[in-house]
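Pasting final.pdb here (PDB, C-alpha atoms, pLDDT in the B column):
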```
ATOM      1  CA  MET A   1      14.941  42.646 -20.162  1.00 58.00           C
ATOM      2  CA  SER A   2      16.788  39.414 -20.523  1.00 64.00           C
ATOM      3  CA  ASN A   3      17.110  37.420 -23.690  1.00 72.00           C
ATOM      4  CA  GLU A   4      16.253  34.128 -21.983  1.00 72.00           C
ATOM      5  CA  PRO A   5      13.625  32.078 -23.759  1.00 71.00           C
ATOM      6  CA  VAL A   6      10.414  31.788 -21.808  1.00 73.00           C
ATOM      7  CA  LYS A   7       9.717  28.162 -20.948  1.00 75.00           C
ATOM      8  CA  LYS A   8       6.192  27.089 -21.606  1.00 76.00           C
ATOM      9  CA  GLU A   9       4.666  25.415 -18.567  1.00 78.00           C
ATOM     10  CA  GLN A  10       3.693  21.831 -19.282  1.00 75.00           C
ATOM     11  CA  LYS A  11       0.057  21.009 -18.830  1.00 77.00           C
ATOM     12  CA  LEU A  12      -0.483  18.124 -16.433  1.00 71.00           C
ATOM     13  CA  LYS A  13      -2.588  15.172 -17.412  1.00 74.00           C
ATOM     14  CA  PRO A  14      -5.741  14.726 -15.329  1.00 79.00           C
ATOM     15  CA  PHE A  15      -4.641  11.238 -14.222  1.00 79.00           C
ATOM     16  CA  VAL A  16      -1.107   9.931 -14.035  1.00 78.00           C
ATOM     17  CA  PHE A  17      -0.346   6.391 -12.906  1.00 79.00           C
ATOM     18  CA  VAL A  18       3.222   5.975 -11.721  1.00 81.00           C
ATOM     19  CA  HIS A  19       4.109   2.314 -11.707  1.00 86.00           C
ATOM     20  CA  PRO A  20       7.132   0.632 -10.151  1.00 89.00           C
ATOM     21  CA  THR A  21       9.989  -0.115 -12.518  1.00 89.00           C
ATOM     22  CA  THR A  22      12.389  -2.157 -10.393  1.00 93.00           C
ATOM     23  CA  GLY A  23      11.912  -5.699  -9.188  1.00 94.00           C
ATOM     24  CA  LYS A  24      11.882  -4.617  -5.555  1.00 95.00           C
ATOM     25  CA  GLY A  25       9.317  -1.945  -6.334  1.00 94.00           C
ATOM     26  CA  LYS A  26       7.068  -4.446  -8.082  1.00 95.00           C
ATOM     27  CA  LEU A  27       7.388  -6.885  -5.180  1.00 96.00           C
ATOM     28  CA  CYS A  28       6.448  -4.164  -2.674  1.00 96.00           C
ATOM     29  CA  ALA A  29       3.480  -3.147  -4.831  1.00 94.00           C
ATOM     30  CA  VAL A  30       2.253  -6.758  -4.989  1.00 96.00           C
ATOM     31  CA  LEU A  31       2.717  -7.219  -1.233  1.00 96.00           C
ATOM     32  CA  PHE A  32       0.834  -4.008  -0.506  1.00 95.00           C
ATOM     33  CA  LEU A  33      -1.952  -5.054  -2.876  1.00 95.00           C
ATOM     34  CA  ILE A  34      -2.233  -8.378  -1.027  1.00 96.00           C
ATOM     35  CA  VAL A  35      -2.485  -6.534   2.293  1.00 95.00           C
ATOM     36  CA  ILE A  36      -5.209  -4.276   0.891  1.00 94.00           C
ATOM     37  CA  LEU A  37      -7.129  -7.263  -0.483  1.00 94.00           C
ATOM     38  CA  CYS A  38      -6.959  -8.938   2.930  1.00 93.00           C
ATOM     39  CA  SER A  39      -8.732  -5.961   4.465  1.00 92.00           C
ATOM     40  CA  ILE A  40     -11.782  -5.766   2.192  1.00 92.00           C
ATOM     41  CA  VAL A  41     -15.276  -6.902   3.141  1.00 86.00           C
ATOM     42  CA  PRO A  42     -15.382 -10.439   1.633  1.00 88.00           C
ATOM     43  CA  ILE A  43     -12.253 -11.480   3.523  1.00 88.00           C
ATOM     44  CA  ILE A  44     -13.325  -9.706   6.707  1.00 90.00           C
ATOM     45  CA  SER A  45     -16.625 -11.593   6.641  1.00 90.00           C
ATOM     46  CA  LEU A  46     -14.656 -14.858   6.638  1.00 91.00           C
ATOM     47  CA  VAL A  47     -12.857 -13.983   9.876  1.00 90.00           C
ATOM     48  CA  ASN A  48     -15.903 -12.433  11.538  1.00 91.00           C
ATOM     49  CA  GLN A  49     -16.598 -15.538  13.618  1.00 91.00           C
ATOM     50  CA  PRO A  50     -17.508 -15.781  17.304  1.00 92.00           C
ATOM     51  CA  VAL A  51     -14.104 -17.264  18.164  1.00 93.00           C
ATOM     52  CA  LEU A  52     -11.768 -16.034  20.886  1.00 94.00           C
ATOM     53  CA  VAL A  53      -8.030 -16.219  20.309  1.00 92.00           C
ATOM     54  CA  LEU A  54      -5.808 -15.075  23.163  1.00 92.00           C
ATOM     55  CA  GLY A  55      -8.937 -13.627  24.763  1.00 93.00           C
ATOM     56  CA  MET A  56      -9.718 -11.388  21.770  1.00 93.00           C
ATOM     57  CA  PRO A  57     -12.238 -11.854  18.984  1.00 94.00           C
ATOM     58  CA  LEU A  58     -10.768 -13.244  15.770  1.00 93.00           C
ATOM     59  CA  ILE A  59     -11.676 -10.121  13.802  1.00 93.00           C
ATOM     60  CA  MET A  60      -9.727  -7.956  16.272  1.00 94.00           C
ATOM     61  CA  LEU A  61      -6.620 -10.083  15.813  1.00 94.00           C
ATOM     62  CA  TRP A  62      -7.128  -9.933  12.046  1.00 94.00           C
ATOM     63  CA  SER A  63      -7.255  -6.117  12.104  1.00 94.00           C
ATOM     64  CA  ILE A  64      -4.119  -5.963  14.268  1.00 95.00           C
ATOM     65  CA  GLY A  65      -2.435  -8.305  11.795  1.00 96.00           C
ATOM     66  CA  ILE A  66      -3.428  -6.064   8.880  1.00 96.00           C
ATOM     67  CA  VAL A  67      -1.911  -3.013  10.579  1.00 97.00           C
ATOM     68  CA  LEU A  68       1.294  -4.930  11.326  1.00 98.00           C
ATOM     69  CA  ALA A  69       1.442  -6.204   7.731  1.00 97.00           C
ATOM     70  CA  VAL A  70       1.128  -2.647   6.392  1.00 96.00           C
ATOM     71  CA  VAL A  71       3.925  -1.481   8.693  1.00 97.00           C
ATOM     72  CA  ILE A  72       6.155  -4.394   7.638  1.00 97.00           C
ATOM     73  CA  VAL A  73       5.600  -3.805   3.904  1.00 96.00           C
ATOM     74  CA  LEU A  74       6.207  -0.065   4.227  1.00 95.00           C
ATOM     75  CA  ARG A  75       9.359  -0.608   6.311  1.00 97.00           C
ATOM     76  CA  LEU A  76      10.584  -3.119   3.722  1.00 96.00           C
ATOM     77  CA  ALA A  77       9.999  -0.609   0.935  1.00 95.00           C
ATOM     78  CA  LEU A  78      11.810   2.073   2.930  1.00 96.00           C
ATOM     79  CA  HIS A  79      14.722  -0.272   3.644  1.00 96.00           C
ATOM     80  CA  TRP A  80      15.038  -1.192  -0.043  1.00 94.00           C
ATOM     81  CA  GLY A  81      14.789   2.452  -1.108  1.00 93.00           C
ATOM     82  CA  VAL A  82      11.718   1.926  -3.276  1.00 90.00           C
ATOM     83  CA  LYS A  83      10.331   5.198  -4.611  1.00 80.00           C
TER
END
```
What does the file become when written as structure tokens?
Amino acid sequence: MSNEPVKKEQKLKPFVFVHPTTGKGKLCAVLFLIVILCSIVPIISLVNQPVLVLGMPLIMLWSIGIVLAVVIVLRLALHWGVK
């Protein structure tokens, strides 16, 4: 038997919100929130028009733009080292 004290395992809280602490982290969080807000139903209904742009419906271009915006924000966060 060893004389090491037994560490009591900490009980986890049921909900933990980890928020960004640096300026770059806060900027990335705001940018990602903007991208998410641009992809919800009220905004989508604004771009759901029978308009063709470059031969594609406007809503299709909007969805491609949302995917590209997510990739750009995530790459920016990765480049800045935001955790």
- Query: What gap, in Å, lies between CA of Val70 in chain A and CA of Gln49 in chain A?
  - Reply: 23.1 Å
- Counting all atoms listed in the file, select every polymer residue within 10 Å of (14.6, -3.3, -1.3) as defined in the file's coordinates, and provide the selection as an MDAnalysis selection string. chainID A and resid 22:25 27:28 75:82
Can those selected residues be exported to a file as an mmCIF file, in the coordinates of the input so that it contains C-alpha atoms?
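Writing the result to result-v5.cif gives the following:
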```
data_model
loop_
_atom_site.group_PDB
_atom_site.id
_atom_site.type_symbol
_atom_site.label_atom_id
_atom_site.label_comp_id
_atom_site.auth_asym_id
_atom_site.auth_seq_id
_atom_site.Cartn_x
_atom_site.Cartn_y
_atom_site.Cartn_z
ATOM 1 C CA THR A 22 12.389 -2.157 -10.393
ATOM 2 C CA GLY A 23 11.912 -5.699 -9.188
ATOM 3 C CA LYS A 24 11.882 -4.617 -5.555
ATOM 4 C CA GLY A 25 9.317 -1.945 -6.334
ATOM 5 C CA LEU A 27 7.388 -6.885 -5.180
ATOM 6 C CA CYS A 28 6.448 -4.164 -2.674
ATOM 7 C CA ARG A 75 9.359 -0.608 6.311
ATOM 8 C CA LEU A 76 10.584 -3.119 3.722
ATOM 9 C CA ALA A 77 9.999 -0.609 0.935
ATOM 10 C CA LEU A 78 11.810 2.073 2.930
ATOM 11 C CA HIS A 79 14.722 -0.272 3.644
ATOM 12 C CA TRP A 80 15.038 -1.192 -0.043
ATOM 13 C CA GLY A 81 14.789 2.452 -1.108
ATOM 14 C CA VAL A 82 11.718 1.926 -3.276
#
```
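One finds CA of Val30 in chain A at 22.4 Å from CA of Val47 in chain A.
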- Query: If the PyMOL selection byres ((chain A and resi 63-68) around 10) is run on the structure shown, which residues does it catch, given as an MDAnalysis selection string?
  - Reply: chainID A and resid 35:36 38:39 44 47 58:62 69:74
- Task: Could you jot down the CA of Ile43 in chain A to CA of Lys26 in chain A separation for me, Å, one decimal place?
- Result: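 Spanning CA of Ile43 in chain A to CA of Lys26 in chain A is a straight-line distance of 23.6 Å.
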Each side padded by 4 Å, which centre and which edge lengths in Å (one decimal) define the axis-aligned box around the listed atoms of range 18-36 of chain A? Give them as lines of an AutoDock Vina configuration file.
```
center_x = 3.6
center_y = -1.2
center_z = -5.1
size_x = 25.6
size_y = 22.4
size_z = 22.8
```
